[in-house]
Number of protein chains: 2
Amino acid sequence: MEDRNQQNRYLQFFSEDTASFMRSPVREIFKKVDLNQIYSFAGGYPSAETFPMADMAGLSAEVVRKYGAQAFQYGATQGAEPLRKALSDRYDVPLERIQITTSSQQGIDVCARVMVDPGEVVLTLNPTYLGALQSFHSYRADIRGVEHSSQLEAFRHNVEEVVAECRREGKTIKFFYIIPDFQNPTGETMTVEERKMLLSLAEELDFLIVEDSPYKELRYEGETLPSLYSLAPDLVIHLGSFSKIFAPGFRLGWIFAHPTLLDNIYVCKQSLDLCPPVFDQYVTAEFLSSGLLDKNLVKSIALYRRKRDLLLESLEKYMPGGITWTHPEGGLFLFLTLPVLFDAVAFYEKALSVGVAYVAGNFFFTDGRGRNTMRMNFSFLPEEKMVAGVQLLARLLEEELR
Amino acid sequence: MEDRNQQNRYLQFFSEDTASFMRSPVREIFKKVDLNQIYSFAGGYPSAETFPMADMAGLSAEVVRKYGAQAFQYGATQGAEPLRKALSDRYDVPLERIQITTSSQQGIDVCARVMVDPGEVVLTLNPTYLGALQSFHSYRADIRGVEHSSQLEAFRHNVEEVVAECRREGKTIKFFYIIPDFQNPTGETMTVEERKMLLSLAEELDFLIVEDSPYKELRYEGETLPSLYSLAPDLVIHLGSFSKIFAPGFRLGWIFAHPTLLDNIYVCKQSLDLCPPVFDQYVTAEFLSSGLLDKNLVKSIALYRRKRDLLLESLEKYMPGGITWTHPEGGLFLFLTLPVLFDAVAFYEKALSVGVAYVAGNFFFTDGRGRNTMRMNFSFLPEEKMVAGVQLLARLLEEELR
């Protein structure tokens with residue numbers, strides 16, 4: 001009773017933003033189960049097999065040898081020089097356009113922070129990455145989802161329609177948040193024509209683009225496409241991540257952007273956390289500049305390609321009729337569409353009871369649709385469990401859909 | 001010219017908060033000079049001599065042995081269990097009241113984020129920690145500085161006056177931000193009576209307390225005093241830091257608070273950066289639970305006590321008349337007050353030209369006062385440079401004040 005009073009007393013102290021805070025259903029799943037004990041197609045965890053465990057001790061030792069105590073001291077807000085230089089070399093971007101972030105999630109969040117006032121519009125594809133929706137909600141953004149279409153003109157029309165609607169309502173549009181390569185959650189990749197179309201609309205209709213690019217280097221087939229940033233570096237804020245190509249435990253990402261945009265992000269970061277983790281940055285810089293990243297990528301890509309193929313084959317083999325799924329050329333996810341009346345949220349508890357986890361697709365939609373969809377991750381689950389996991393899920397779906 | 005146009009074009013995209021962003025003068029100093037090449041009394045860097053360099057390789061190896069790939073994978077948003085347990089044991093706080101933060105600066109920032117709407121009041125001592133002022137400004141808080149007084153009743157009166165003034169203006173007060181032990185920038189410590197007085201005012205006048213406690217374990221004389229949190233755990237959000245007792249490069253801190261307060265912080269942290277750096281947390285947990293922290297603290301305290309004494313002696317010996325300073329019982333700083341017309345901001349360039357850096361005191365004031373004050377840090381500068389640094393500064397001050 002007293003504790004209830006105490007809880008009520010606290011309500012007056014919370015900011016208005018907190019009323020829009022959204023709990024991650026994915027993180028709530030992780031709290032309840034040990035992912036290693038079940039067949040998990042949920043989450044976006046990379047495979048631990050891709051972590052260069054054998055190199056870690058050597059990398060750490062080299063960092064201590066090279067930088068000594070500096071690796072454990074406070075560092076520069078913009079990030080450690082060797083890491084920024086390594087990124088500058090790798091992606092051919094000038095140093096003054098590079099900011100290291102404490103995770104690429106921070107990159108997303110700080111973009112919202114320095115650009116979005118309550119009620120202002122952020123455009124996204126519909127569906128899109130849940131963590132971005134969480135962040136935009138937390139700043140009370142007015143999130144407007146744009147339908148993708150495989151027809152270029154139809155896609156252009158969809159963007160123009162949403163923009164026109166915002167304008168009619170007198171709304172300010174700040175940016176279009178988009179994951180062009182192996183999108184989360186659909187696994188789909190934008191064509192070069194779509195990229196150019198979106199950039200020309202941004203220029204014409206006056207909004208910026210936040211390009212989230214955590215999976216770009218994980219391509220299993222087809223040709224690498226130019227990033228939006230490389231096509232229009234003054235229109236695009238590009239977010240990168242070391243979580244899928246090195247180790248998420250280091251919490252490191254980066255931003256490429258025009259120095260004027262970066263300056264506000266830099267000053268904001270001073271009061272957010274002063275600087276990114278320093279030791280982790282030096283280890284990561286060493287991983288890049290020693291050539292280990294590229295060697296490791298070859299292995300990671302081969303592993304993930306096998307896993308993607310195994311998942312696709314298993315779905316083909318075991319899934320009942322009436323279910324379709326995307327064919328990702330890279331990344332970590334594919335997306336299932338089930339019959340219209342199927343409810344993937346309600347079905348989740350059943351699936352979990354036989355040891356299978358996924359993320360219900362509607363969490364990724366800006367408007368609560370997509371209850372008949374689900375996201376499946378293929379990076380985390382070991383190959384030897386993949387087929388059995390799909391079989392269990394397929395059997396249960398067959399019962400459910402009967 | 002085109003670039004100027006581009007810059008102007010970006011202005012429309014920035015949020016209202018950015019107009020209140022405040023650049024850290026301390027971080028700007030660090031950008032311009034190599035601290036190791038000068039006599040630096042600026043900043044709040046711990047001495048690299050306190051980093052347990054000889055233990056780092058062993059700690060890392062132990063973490064890899066114990067946790068394997070888990071140390072490089074995504075982690076729980078509330079922080080790694082072994083680190084939370086180690087803090088729970090050390091400070092006798094239940095697990096559900098512990099959140100690990102990516103730096104204690106993040107602890108400050110997230111408190112402002114979940115509690116303060118634009119125009120709402122945050123109370124602080126005047127002067128107070130610059131990084132906190134930066135963060136509160138960035139959320140457009142109305143920061144009201146309270147004058148400290150060594151007379152308990154006068155101090156109480158000052159708090160009551162500021163609160164009454166806010167109430168007359170119809171302002172909502174969210175919390176009092178305070179550093180009770182070895183305050184930044186003054187080095188002063190609140191008495192037990194002051195702590196109890198402040199807590200009873202918080203209860204009576206209905207505001208929370210954010211207790212920032214990064215230096216508490218660094219006491220060089222006198223008795224340890226109870227934290228505000230230990231005296232009133234439901235009124236106080238307690239912020240701790242590993243930066244001064246282990247290694248700031250790991251960017252780790254913690255929050256102790258009532259679970260209801262912590263829950264909003266937890267959800268916010270999901271969209272800020274998902275989780276704190278994982279490997280760093282395991283290394284830090286190992287550092288605590290192995291007993292190395294306590295062993296290392298004994299050495300750090302002895303070193304800092306010598307440095308504080310050396311700075312106090314040197315000031316006594318070389319400083320011209322008309323200058324006074326505080327006598328800190330712990331922490332990293334002391335605070336100088338110079339004759340009323342002296343301008344420590346203008347003097348800074350002169351000091352730097354002879355190789356001495358400090359932070360002008362007025363940056364710590366909520367109202368621009370204190371131009372005749374300066375903060376001196378004694379943790380960073382090696383002992384062998386301390387006396388020469390003070391001599392240089394004293395000579396220049398003597399000329400200036402003549």
# chains A, B, ... in the order shown; residues from 1 in each chain; ligands from 1
>>> interface_residues(of="chain A", to="chain B", cutoff="6 Å", atoms="only C-alpha atoms", output="PDB file with N, CA and C atoms, in the first residue's frame")
ATOM      1  N   PHE A  13       6.848  13.496 -11.187  1.00  0.00           N
ATOM      2  CA  PHE A  13       8.228  13.871 -11.495  1.00  0.00           C
ATOM      3  C   PHE A  13       8.659  13.506 -12.920  1.00  0.00           C
ATOM      4  N   PHE A  14       7.832  12.719 -13.611  1.00  0.00           N
ATOM      5  CA  PHE A  14       8.252  12.278 -14.939  1.00  0.00           C
ATOM      6  C   PHE A  14       7.996  13.330 -16.015  1.00  0.00           C
ATOM      7  N   SER A  15       8.882  13.371 -17.004  1.00  0.00           N
ATOM      8  CA  SER A  15       8.732  14.312 -18.116  1.00  0.00           C
ATOM      9  C   SER A  15       7.633  13.834 -19.059  1.00  0.00           C
ATOM     10  N   ARG A  23       8.279   0.152 -24.679  1.00  0.00           N
ATOM     11  CA  ARG A  23       9.141  -0.924 -24.217  1.00  0.00           C
ATOM     12  C   ARG A  23       9.456  -1.830 -25.404  1.00  0.00           C
ATOM     13  N   ALA A  48      27.844 -15.959 -32.340  1.00  0.00           N
ATOM     14  CA  ALA A  48      29.092 -15.864 -31.572  1.00  0.00           C
ATOM     15  C   ALA A  48      30.252 -16.491 -32.358  1.00  0.00           C
ATOM     16  N   ALA A  69      48.394   3.456 -20.947  1.00  0.00           N
ATOM     17  CA  ALA A  69      47.319   3.960 -20.087  1.00  0.00           C
ATOM     18  C   ALA A  69      46.287   4.773 -20.861  1.00  0.00           C
ATOM     19  N   PHE A  72      42.848   3.530 -21.358  1.00  0.00           N
ATOM     20  CA  PHE A  72      41.942   3.412 -20.216  1.00  0.00           C
ATOM     21  C   PHE A  72      41.528   4.775 -19.666  1.00  0.00           C
ATOM     22  N   GLN A  73      42.054   5.831 -20.269  1.00  0.00           N
ATOM     23  CA  GLN A  73      41.777   7.214 -19.850  1.00  0.00           C
ATOM     24  C   GLN A  73      40.552   7.743 -20.607  1.00  0.00           C
ATOM     25  N   TYR A  74      40.030   8.907 -20.191  1.00  0.00           N
ATOM     26  CA  TYR A  74      39.010   9.587 -20.992  1.00  0.00           C
ATOM     27  C   TYR A  74      39.539   9.806 -22.404  1.00  0.00           C
ATOM     28  N   SER A 103      27.487   2.815 -29.808  1.00  0.00           N
ATOM     29  CA  SER A 103      26.470   1.976 -30.473  1.00  0.00           C
ATOM     30  C   SER A 103      25.795   2.753 -31.591  1.00  0.00           C
ATOM     31  N   GLN A 105      22.756   2.399 -32.228  1.00  0.00           N
ATOM     32  CA  GLN A 105      21.483   2.825 -31.633  1.00  0.00           C
ATOM     33  C   GLN A 105      21.610   4.275 -31.150  1.00  0.00           C
ATOM     34  N   GLN A 106      22.750   4.614 -30.553  1.00  0.00           N
ATOM     35  CA  GLN A 106      22.970   6.005 -30.133  1.00  0.00           C
ATOM     36  C   GLN A 106      22.954   6.930 -31.346  1.00  0.00           C
ATOM     37  N   ASP A 109      19.390   7.573 -32.058  1.00  0.00           N
ATOM     38  CA  ASP A 109      18.777   8.373 -31.002  1.00  0.00           C
ATOM     39  C   ASP A 109      19.231   9.829 -31.049  1.00  0.00           C
ATOM     40  N   VAL A 114      18.683  15.736 -31.950  1.00  0.00           N
ATOM     41  CA  VAL A 114      19.106  17.053 -32.456  1.00  0.00           C
ATOM     42  C   VAL A 114      18.185  17.568 -33.568  1.00  0.00           C
ATOM     43  N   MET A 115      17.246  16.744 -34.020  1.00  0.00           N
ATOM     44  CA  MET A 115      16.413  17.216 -35.126  1.00  0.00           C
ATOM     45  C   MET A 115      14.913  17.287 -34.850  1.00  0.00           C
ATOM     46  N   VAL A 116      14.400  16.429 -33.957  1.00  0.00           N
ATOM     47  CA  VAL A 116      12.943  16.299 -33.888  1.00  0.00           C
ATOM     48  C   VAL A 116      12.343  16.959 -32.647  1.00  0.00           C
ATOM     49  N   ASP A 117      11.433  17.890 -32.858  1.00  0.00           N
ATOM     50  CA  ASP A 117      10.615  18.415 -31.771  1.00  0.00           C
ATOM     51  C   ASP A 117       9.302  17.636 -31.727  1.00  0.00           C
ATOM     52  N   GLN A 134      11.149   3.034 -31.413  1.00  0.00           N
ATOM     53  CA  GLN A 134      11.217   3.327 -29.975  1.00  0.00           C
ATOM     54  C   GLN A 134      11.819   4.693 -29.719  1.00  0.00           C
ATOM     55  N   SER A 135      12.950   4.935 -30.381  1.00  0.00           N
ATOM     56  CA  SER A 135      13.646   6.197 -30.174  1.00  0.00           C
ATOM     57  C   SER A 135      12.792   7.375 -30.655  1.00  0.00           C
ATOM     58  N   LYS A 174      11.238  16.234 -40.813  1.00  0.00           N
ATOM     59  CA  LYS A 174      12.658  16.385 -40.562  1.00  0.00           C
ATOM     60  C   LYS A 174      13.509  15.426 -41.391  1.00  0.00           C
ATOM     61  N   ALA A 247      31.885  -7.102 -32.889  1.00  0.00           N
ATOM     62  CA  ALA A 247      31.343  -7.611 -31.628  1.00  0.00           C
ATOM     63  C   ALA A 247      30.408  -6.571 -31.026  1.00  0.00           C
ATOM     64  N   PRO A 248      29.124  -6.910 -30.873  1.00  0.00           N
ATOM     65  CA  PRO A 248      28.171  -5.942 -30.320  1.00  0.00           C
ATOM     66  C   PRO A 248      28.494  -5.541 -28.881  1.00  0.00           C
ATOM     67  N   GLY A 249      29.211  -6.413 -28.167  1.00  0.00           N
ATOM     68  CA  GLY A 249      29.553  -6.116 -26.774  1.00  0.00           C
ATOM     69  C   GLY A 249      30.411  -4.871 -26.613  1.00  0.00           C
ATOM     70  N   PHE A 250      31.062  -4.423 -27.697  1.00  0.00           N
ATOM     71  CA  PHE A 250      31.865  -3.202 -27.605  1.00  0.00           C
ATOM     72  C   PHE A 250      31.020  -1.939 -27.784  1.00  0.00           C
ATOM     73  N   ARG A 251      29.776  -2.076 -28.246  1.00  0.00           N
ATOM     74  CA  ARG A 251      28.857  -0.943 -28.375  1.00  0.00           C
ATOM     75  C   ARG A 251      29.446   0.211 -29.175  1.00  0.00           C
ATOM     76  N   VAL A 267      28.293  18.169 -29.906  1.00  0.00           N
ATOM     77  CA  VAL A 267      28.038  18.894 -28.653  1.00  0.00           C
ATOM     78  C   VAL A 267      27.028  18.121 -27.806  1.00  0.00           C
ATOM     79  N   SER A 271      27.310  15.929 -23.554  1.00  0.00           N
ATOM     80  CA  SER A 271      26.486  15.798 -22.344  1.00  0.00           C
ATOM     81  C   SER A 271      25.806  14.430 -22.247  1.00  0.00           C
ATOM     82  N   LEU A 272      25.807  13.659 -23.337  1.00  0.00           N
ATOM     83  CA  LEU A 272      25.234  12.302 -23.276  1.00  0.00           C
ATOM     84  C   LEU A 272      26.155  11.346 -22.525  1.00  0.00           C
ATOM     85  N   ASP A 273      27.425  11.306 -22.926  1.00  0.00           N
ATOM     86  CA  ASP A 273      28.351  10.363 -22.281  1.00  0.00           C
ATOM     87  C   ASP A 273      29.827  10.737 -22.439  1.00  0.00           C
ATOM     88  N   PRO A 277      33.360   4.384 -25.449  1.00  0.00           N
ATOM     89  CA  PRO A 277      34.305   3.544 -24.693  1.00  0.00           C
ATOM     90  C   PRO A 277      35.675   3.529 -25.375  1.00  0.00           C
ATOM     91  N   VAL A 278      36.713   3.826 -24.634  1.00  0.00           N
ATOM     92  CA  VAL A 278      38.014   4.119 -25.231  1.00  0.00           C
ATOM     93  C   VAL A 278      38.793   2.847 -25.581  1.00  0.00           C
ATOM     94  N   PHE A 279      38.946   1.966 -24.623  1.00  0.00           N
ATOM     95  CA  PHE A 279      39.663   0.718 -24.865  1.00  0.00           C
ATOM     96  C   PHE A 279      39.023  -0.027 -26.050  1.00  0.00           C
TER      97      PHE A 279
END
>>> residues_around(residues="Lys295 of chain A", least_positions_apart="4", cutoff="12 Å", atoms="only C-alpha atoms", output="list in words")
Thr50, Phe51, Pro52, Asp55, Ile245, Phe246, Phe287, Leu288, Ser289, Ser290, Gly291, Lys299, Ser300, Ile301 and Ala302 of chain A
>>> write_last_selection(atoms="N, CA and C atoms", output="compact mmCIF listing (two decimals), in the first residue's frame")
# COMPACT_ATOMS: atom_id res chain seq x y z
N THR A 50 31.07 -15.80 -35.20
CA THR A 50 31.75 -14.78 -36.01
C THR A 50 32.69 -13.91 -35.19
N PHE A 51 32.63 -14.03 -33.84
CA PHE A 51 33.54 -13.21 -33.02
C PHE A 51 34.95 -13.80 -33.14
N PRO A 52 35.92 -12.96 -33.43
CA PRO A 52 37.29 -13.47 -33.60
C PRO A 52 37.94 -13.76 -32.25
N ASP A 55 41.62 -14.03 -31.74
CA ASP A 55 42.42 -12.81 -31.93
C ASP A 55 42.29 -11.81 -30.78
N ILE A 245 29.71 -6.83 -37.60
CA ILE A 245 30.94 -7.22 -38.31
C ILE A 245 32.11 -7.41 -37.36
N PHE A 246 31.90 -7.14 -36.05
CA PHE A 246 32.96 -7.39 -35.08
C PHE A 246 32.34 -7.97 -33.80
N PHE A 287 41.65 -3.96 -34.99
CA PHE A 287 40.97 -5.02 -35.76
C PHE A 287 40.83 -4.60 -37.23
N LEU A 288 40.52 -3.33 -37.45
CA LEU A 288 40.38 -2.82 -38.82
C LEU A 288 41.73 -2.70 -39.51
N SER A 289 42.63 -1.98 -38.86
CA SER A 289 43.86 -1.60 -39.57
C SER A 289 44.81 -2.79 -39.75
N SER A 290 44.65 -3.83 -38.94
CA SER A 290 45.51 -5.01 -39.10
C SER A 290 45.04 -5.92 -40.24
N GLY A 291 43.86 -5.61 -40.80
CA GLY A 291 43.34 -6.47 -41.86
C GLY A 291 42.51 -7.63 -41.34
N LYS A 299 34.82 -15.11 -43.49
CA LYS A 299 34.28 -16.25 -42.74
C LYS A 299 32.83 -16.01 -42.31
N SER A 300 32.55 -14.81 -41.83
CA SER A 300 31.19 -14.50 -41.36
C SER A 300 30.19 -14.61 -42.50
N ILE A 301 30.59 -14.07 -43.63
CA ILE A 301 29.69 -14.09 -44.79
C ILE A 301 29.40 -15.53 -45.23
N ALA A 302 30.44 -16.35 -45.25
CA ALA A 302 30.26 -17.75 -45.65
C ALA A 302 29.30 -18.45 -44.67
>>> atom_distance(atom1="atom CA of Tyr39 of chain A", atom2="atom CA of Glu81 of chain B")
23.4 Å
>>> residues_around(residues="Pro94 of chain A", least_positions_apart="4", cutoff="12 Å", atoms="only C-alpha atoms", output="ChimeraX atom specification")
/A:84-90,98-99,233,255-259
>>> atom_distance(atom1="atom CA of Leu225 of chain B", atom2="atom CA of Phe364 of chain B")
24.7 Å
>>> select_by_dssp(residues="segment 137-239 of chain A", states="alpha helix (DSSP H)", output="number ranges by chain")
A: 137-138, 152-168, 192-205, 228-231
>>> atom_distance(atom1="atom CA of Asp263 of chain B", atom2="atom CA of Ile237 of chain B")
12.5 Å
>>> residues_around(residues="segment 307-319 of chain A", least_positions_apart="5", cutoff="8 Å", atoms="only C-alpha atoms", output="PyMOL selection string")
chain A and resi 327+378-379+383+386-387+390-391+394-395+397-398
>>> closest_residue(among="A:Gly222, A:Gly43, A:Gly253, A:Gly58", to="Asn184 of chain A", atoms="only C-alpha atoms")
A:Gly43
>>> residues_around(residues="Val146 of chain A", least_positions_apart="6", cutoff="9 Å", atoms="only C-alpha atoms", output="PyMOL selection string")
chain A and resi 123-127+155+158-159+161-162
>>> write_last_selection(atoms="all heavy atoms", output="CSV table (one decimal), in the first residue's frame")
chain,number,residue,atom,x,y,z
A,123,LEU,N,9.7,10.3,-41.4
A,123,LEU,CA,9.2,9.3,-42.3
A,123,LEU,C,10.1,8.0,-42.2
A,123,LEU,O,11.3,8.1,-41.9
A,123,LEU,CB,9.4,9.8,-43.8
A,123,LEU,CG,8.8,11.2,-44.1
A,123,LEU,CD1,9.2,11.6,-45.5
A,123,LEU,CD2,7.2,11.0,-44.1
A,124,THR,N,9.4,6.9,-42.3
A,124,THR,CA,10.1,5.6,-42.3
A,124,THR,C,9.4,4.7,-43.4
A,124,THR,O,8.3,5.0,-43.8
A,124,THR,CB,10.0,4.9,-41.0
A,124,THR,OG1,8.7,4.4,-40.8
A,124,THR,CG2,10.3,5.8,-39.8
A,125,LEU,N,10.1,3.6,-43.7
A,125,LEU,CA,9.4,2.6,-44.4
A,125,LEU,C,8.4,1.9,-43.4
A,125,LEU,O,8.7,2.0,-42.2
A,125,LEU,CB,10.3,1.6,-45.1
A,125,LEU,CG,11.0,2.0,-46.4
A,125,LEU,CD1,11.6,0.7,-47.0
A,125,LEU,CD2,10.1,2.6,-47.3
A,126,ASN,N,7.4,1.3,-43.9
A,126,ASN,CA,6.5,0.6,-43.1
A,126,ASN,C,6.4,-0.9,-43.5
A,126,ASN,O,5.9,-1.1,-44.6
A,126,ASN,CB,5.1,1.2,-43.1
A,126,ASN,CG,4.2,0.8,-42.0
A,126,ASN,OD1,4.6,0.3,-41.0
A,126,ASN,ND2,2.9,1.0,-42.2
A,127,PRO,N,7.0,-1.8,-42.8
A,127,PRO,CA,7.6,-1.8,-41.4
A,127,PRO,C,9.0,-1.3,-41.4
A,127,PRO,O,9.6,-1.2,-42.5
A,127,PRO,CB,7.5,-3.3,-41.0
A,127,PRO,CG,7.7,-4.0,-42.3
A,127,PRO,CD,7.0,-3.2,-43.3
A,155,PHE,N,6.2,3.5,-55.8
A,155,PHE,CA,7.0,3.8,-54.5
A,155,PHE,C,7.1,5.3,-54.4
A,155,PHE,O,6.9,5.9,-53.4
A,155,PHE,CB,8.3,3.1,-54.5
A,155,PHE,CG,9.1,3.2,-53.3
A,155,PHE,CD1,8.6,3.6,-52.1
A,155,PHE,CD2,10.5,3.1,-53.3
A,155,PHE,CE1,9.4,3.7,-50.9
A,155,PHE,CE2,11.3,3.2,-52.2
A,155,PHE,CZ,10.7,3.5,-51.0
A,158,ASN,N,3.9,6.8,-53.4
A,158,ASN,CA,3.7,6.6,-51.9
A,158,ASN,C,4.4,7.7,-51.1
A,158,ASN,O,3.8,8.2,-50.1
A,158,ASN,CB,4.1,5.2,-51.5
A,158,ASN,CG,3.2,4.1,-52.1
A,158,ASN,OD1,2.2,4.5,-52.7
A,158,ASN,ND2,3.6,2.9,-52.0
A,159,VAL,N,5.7,7.9,-51.4
A,159,VAL,CA,6.4,8.9,-50.7
A,159,VAL,C,5.8,10.3,-50.8
A,159,VAL,O,5.5,11.0,-49.8
A,159,VAL,CB,7.9,9.0,-51.1
A,159,VAL,CG1,8.7,10.0,-50.3
A,159,VAL,CG2,8.6,7.6,-51.0
A,161,GLU,N,2.8,11.1,-51.6
A,161,GLU,CA,1.5,11.2,-51.0
A,161,GLU,C,1.6,11.5,-49.5
A,161,GLU,O,0.9,12.3,-48.9
A,161,GLU,CB,0.8,9.8,-51.1
A,161,GLU,CG,-0.2,9.7,-52.3
A,161,GLU,CD,-1.3,10.8,-52.2
A,161,GLU,OE1,-2.2,10.6,-51.4
A,161,GLU,OE2,-1.1,11.8,-52.9
A,162,VAL,N,2.5,10.7,-48.8
A,162,VAL,CA,2.7,10.9,-47.4
A,162,VAL,C,3.2,12.3,-47.1
A,162,VAL,O,2.8,13.0,-46.2
A,162,VAL,CB,3.6,9.9,-46.8
A,162,VAL,CG1,3.9,10.2,-45.3
A,162,VAL,CG2,2.9,8.5,-46.9
>>> residues_around(residues="Ala42 of chain B", least_positions_apart="2", cutoff="12 Å", atoms="only C-alpha atoms", output="PyMOL selection string")
chain B and resi 25-30+33-36+38-40+44-46+185+332-335+348+351-352+355-361+374-381+389
>>> decode(residues="segment 93-105 of chain B", atoms="N, CA, C and O atoms", output="PDB file, in the first residue's frame")
ATOM      1  N   VAL B  93      22.713  -2.725  -1.607  1.00  0.00           N
ATOM      2  CA  VAL B  93      21.527  -2.205  -2.296  1.00  0.00           C
ATOM      3  C   VAL B  93      20.907  -3.373  -3.064  1.00  0.00           C
ATOM      4  O   VAL B  93      21.639  -4.139  -3.702  1.00  0.00           O
ATOM      5  N   PRO B  94      19.581  -3.555  -2.980  1.00  0.00           N
ATOM      6  CA  PRO B  94      18.975  -4.695  -3.697  1.00  0.00           C
ATOM      7  C   PRO B  94      19.125  -4.582  -5.215  1.00  0.00           C
ATOM      8  O   PRO B  94      19.103  -3.488  -5.778  1.00  0.00           O
ATOM      9  N   LEU B  95      19.269  -5.740  -5.858  1.00  0.00           N
ATOM     10  CA  LEU B  95      19.503  -5.801  -7.307  1.00  0.00           C
ATOM     11  C   LEU B  95      18.492  -5.001  -8.123  1.00  0.00           C
ATOM     12  O   LEU B  95      18.848  -4.359  -9.113  1.00  0.00           O
ATOM     13  N   GLU B  96      17.216  -5.049  -7.727  1.00  0.00           N
ATOM     14  CA  GLU B  96      16.174  -4.395  -8.540  1.00  0.00           C
ATOM     15  C   GLU B  96      16.264  -2.871  -8.462  1.00  0.00           C
ATOM     16  O   GLU B  96      15.531  -2.171  -9.149  1.00  0.00           O
ATOM     17  N   ARG B  97      17.173  -2.365  -7.640  1.00  0.00           N
ATOM     18  CA  ARG B  97      17.368  -0.919  -7.563  1.00  0.00           C
ATOM     19  C   ARG B  97      18.659  -0.477  -8.271  1.00  0.00           C
ATOM     20  O   ARG B  97      19.113   0.649  -8.082  1.00  0.00           O
ATOM     21  N   ILE B  98      19.250  -1.390  -9.046  1.00  0.00           N
ATOM     22  CA  ILE B  98      20.550  -1.088  -9.666  1.00  0.00           C
ATOM     23  C   ILE B  98      20.472  -1.107 -11.198  1.00  0.00           C
ATOM     24  O   ILE B  98      20.065  -2.110 -11.789  1.00  0.00           O
ATOM     25  N   GLN B  99      20.856  -0.020 -11.813  1.00  0.00           N
ATOM     26  CA  GLN B  99      20.960   0.082 -13.277  1.00  0.00           C
ATOM     27  C   GLN B  99      22.395   0.490 -13.613  1.00  0.00           C
ATOM     28  O   GLN B  99      22.903   1.468 -13.063  1.00  0.00           O
ATOM     29  N   ILE B 100      23.029  -0.252 -14.511  1.00  0.00           N
ATOM     30  CA  ILE B 100      24.368   0.154 -14.974  1.00  0.00           C
ATOM     31  C   ILE B 100      24.187   1.188 -16.094  1.00  0.00           C
ATOM     32  O   ILE B 100      23.318   1.044 -16.949  1.00  0.00           O
ATOM     33  N   THR B 101      25.015   2.221 -16.068  1.00  0.00           N
ATOM     34  CA  THR B 101      24.946   3.252 -17.105  1.00  0.00           C
ATOM     35  C   THR B 101      26.233   3.278 -17.920  1.00  0.00           C
ATOM     36  O   THR B 101      27.290   2.886 -17.436  1.00  0.00           O
ATOM     37  N   THR B 102      26.108   3.738 -19.168  1.00  0.00           N
ATOM     38  CA  THR B 102      27.284   3.925 -20.017  1.00  0.00           C
ATOM     39  C   THR B 102      27.890   5.269 -19.648  1.00  0.00           C
ATOM     40  O   THR B 102      27.638   6.269 -20.303  1.00  0.00           O
ATOM     41  N   SER B 103      28.636   5.291 -18.568  1.00  0.00           N
ATOM     42  CA  SER B 103      29.233   6.476 -17.929  1.00  0.00           C
ATOM     43  C   SER B 103      28.248   7.094 -16.956  1.00  0.00           C
ATOM     44  O   SER B 103      27.034   7.018 -17.147  1.00  0.00           O
ATOM     45  N   SER B 104      28.771   7.722 -15.896  1.00  0.00           N
ATOM     46  CA  SER B 104      27.862   8.371 -14.948  1.00  0.00           C
ATOM     47  C   SER B 104      27.339   9.672 -15.551  1.00  0.00           C
ATOM     48  O   SER B 104      26.308  10.190 -15.127  1.00  0.00           O
ATOM     49  N   GLN B 105      28.011  10.182 -16.589  1.00  0.00           N
ATOM     50  CA  GLN B 105      27.437  11.312 -17.338  1.00  0.00           C
ATOM     51  C   GLN B 105      26.084  10.891 -17.933  1.00  0.00           C
ATOM     52  O   GLN B 105      25.129  11.663 -17.902  1.00  0.00           O
TER      53      GLN B 105
END
